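**Student:** Below is a structure I'd like to ask you about.
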Amino acid sequence: MELNRNKDAGYVELVFGPRWVYIATVRKFLQNFLSVTIGNNKKADVISMAGSELLENAIKYASEEGTKISCRYREEDNTLTLIVQNFSSPENIKVLKEQIDIVNTGNPEEMYMKKMMEAAMREDGGSQLGFARIRYESNSEISVDVDGDLVSVTILFRLDAFEGD
């Protein structure tokens with residue numbers, strides 16, 4: 001991480017070792033940071049929940065130490081970008097890409113309902129609801145970028161496009 005001039009209205013970046021115990025603390029910090037930055041507690045709750053979901057995935061599927069979360073608010077277009085990065089295995093990266101592709105198809109509400117139905121039928125204890133829930137609750141754009149074993153999951157929130165006022 002390097003210090004640079006930032007013209008955005010709010011920016012934070014945290015890097016930590018992949019530990020479950022940090023997730024709740026990071027979520028609370030992010031929620032407080034966003035409440036101040038965007039001035040809307042409900043939207044801050046939704047976005048911090050999304051960050052928590054991404055961190056859980058990053059830690060659960062990490063292949064080595066190191067998790068990074070960054071958040072950037074752009075006042076000029078009222079958008080917020082949330083990025084979580086970690087290192088992962090080719091097998092986990094493949095599943096991640098497939099899940100994001102599935103969730104990004106179709107109507108957010110329909111995909112969320114479909115994923116809830118699938119989760120109800122699963123017998124392995126998993127749900128794979130996180131991305132569908134994020135997209136449904138915030139009408140956000142979810143993408144993934146992979147550079148070797150470095151995975152970056154990005155969520156773009158158009159703050160005017162989801163409820164929360």
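FYI, nothing fancy with the structure tokens labels: chains A, B, ... in order, residues from 1 per chain, ligands from 1 as they appear.
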As a PyMOL selection string, please: every residue in chain A that DSSP puts in alpha helix (DSSP H).
**Tutor:** chain A and resi 21-38+41-60+90-104+108-121+130-138
**Student:** For Gln31 of chain A, find every residue with an atom within 7 Å (counting only C-alpha atoms), except residues of its own chain fewer than 5 positions away, and show them as an MDAnalysis selection string.
**Tutor:** chainID A and resid 44:45 48
**Student:** Please produce an output containing C-alpha atoms for each residue in the selection, written as a PDB file, in the first residue's frame.
**Tutor:**
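Saved result, out-v6.pdb, follows:
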ATOM      1  CA  ALA A  44     -23.867   1.482   5.092  1.00  0.00           C
ATOM      2  CA  ASP A  45     -25.365  -1.658   6.678  1.00  0.00           C
ATOM      3  CA  SER A  48     -20.752  -3.575   5.223  1.00  0.00           C
TER       4      SER A  48
END
**Student:** With only C-alpha atoms as the basis for distance, which of A:Thr37, A:Asn107, A:Asn57, A:Asn86 is at the shortest distance from Arg74 of chain A?
**Tutor:**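 That would be A:Thr37, the residue with the smallest distance to Arg74 of chain A.
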**Student:** Can you pull out the residues contacting Lys43 of chain A? Cut-off 12 Å, using only C-alpha atoms, and skip same-chain residues under 2 positions away; I want them as a PyMOL selection string.
**Tutor:** chain A and resi 30-41+45-50+79-80+134+137-140+157-165
**Student:** Please report, as a PyMOL selection string, each residue of segment 2-158 of chain A to which DSSP assigns strand (DSSP E) when run on this structure's backbone.
**Tutor:** chain A and resi 10-16+62-74+79-88+141-147+150-158
**Student:** For Glu98 of chain A, which residue among A:Glu118, A:Tyr61, A:Val144, A:Gly51 is the nearest when counting only C-alpha atoms?
**Tutor:**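 The closest residue to Glu98 of chain A is A:Val144.
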**Student:** Please identify every residue of segment 85-142 of chain A that has at least one atom no farther than 12 Å from an atom of segment 11-24 of chain A, counting only C-alpha atoms, and for each give the shortest atom pair and the distance in Å to one decimal, arranged by chain then increasing number, as CSV.
**Tutor:**
residue,atom,partner,partner_atom,distance
A:Gln85,CA,A:Val15,CA,9.2
A:Asn86,CA,A:Pro18,CA,8.8
A:Phe87,CA,A:Pro18,CA,10.4
A:Ser88,CA,A:Pro18,CA,11.9
**Student:** Write the selection just made, keeping N, CA and C atoms, as a CSV table (one decimal), in the first residue's frame?
**Tutor:**
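Saved to again.csv:
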chain,number,residue,atom,x,y,z
A,85,GLN,N,-9.4,-8.8,-1.8
A,85,GLN,CA,-8.4,-9.6,-2.5
A,85,GLN,C,-7.8,-10.6,-1.6
A,86,ASN,N,-7.5,-11.8,-2.2
A,86,ASN,CA,-6.8,-12.9,-1.5
A,86,ASN,C,-6.2,-13.8,-2.5
A,87,PHE,N,-5.3,-14.7,-2.0
A,87,PHE,CA,-4.7,-15.7,-2.8
A,87,PHE,C,-5.6,-17.0,-2.7
A,88,SER,N,-5.8,-17.7,-3.8
A,88,SER,CA,-6.6,-18.9,-3.8
A,88,SER,C,-6.1,-19.9,-4.8
**Student:** Between atom CA of Lys97 of chain A and atom CA of Lys68 of chain A, what distance in Å does the model show, to one decimal?
**Tutor:**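 Distance between the two atoms: 18.9 Å.
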**Student:** Name all residues at most 6 Å from Ser89 of chain A (count only C-alpha atoms; drop same-chain ones fewer than 2 positions away) and give them as a list in words.
**Tutor:**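 In the requested form, the answer reads Ser63, Glu91 and Asn92 of chain A.
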**Student:** Put those residues in a file: all heavy atoms, as a tab-separated table (two decimals), in the first residue's frame.
**Tutor:**
chain	number	residue	atom	x	y	z
A	63	SER	N	-5.53	-19.54	-0.03
A	63	SER	CA	-4.48	-20.54	-0.13
A	63	SER	C	-3.24	-20.14	0.68
A	63	SER	O	-2.34	-20.95	0.86
A	63	SER	CB	-4.09	-20.78	-1.59
A	63	SER	OG	-3.59	-19.58	-2.16
A	91	GLU	N	-8.76	-24.43	-8.25
A	91	GLU	CA	-10.07	-25.06	-8.08
A	91	GLU	C	-11.08	-24.08	-7.47
A	91	GLU	O	-12.22	-23.97	-7.93
A	91	GLU	CB	-9.97	-26.31	-7.19
A	91	GLU	CG	-9.08	-27.40	-7.73
A	91	GLU	CD	-7.59	-27.16	-7.49
A	91	GLU	OE1	-7.22	-26.40	-6.56
A	91	GLU	OE2	-6.79	-27.73	-8.25
A	92	ASN	N	-10.67	-23.39	-6.42
A	92	ASN	CA	-11.57	-22.43	-5.77
A	92	ASN	C	-11.87	-21.23	-6.68
A	92	ASN	O	-12.98	-20.71	-6.68
A	92	ASN	CB	-10.98	-21.95	-4.44
A	92	ASN	CG	-11.03	-23.03	-3.38
A	92	ASN	OD1	-11.85	-23.94	-3.42
A	92	ASN	ND2	-10.14	-22.93	-2.42
**Student:** Could you tell me which of A:Glu53, A:Met116, A:Glu76, A:Lys28 comes closest to Val153 of chain A if we count only C-alpha atoms?
**Tutor:**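 With only C-alpha atoms as the atom set, the closest residue is A:Glu53.
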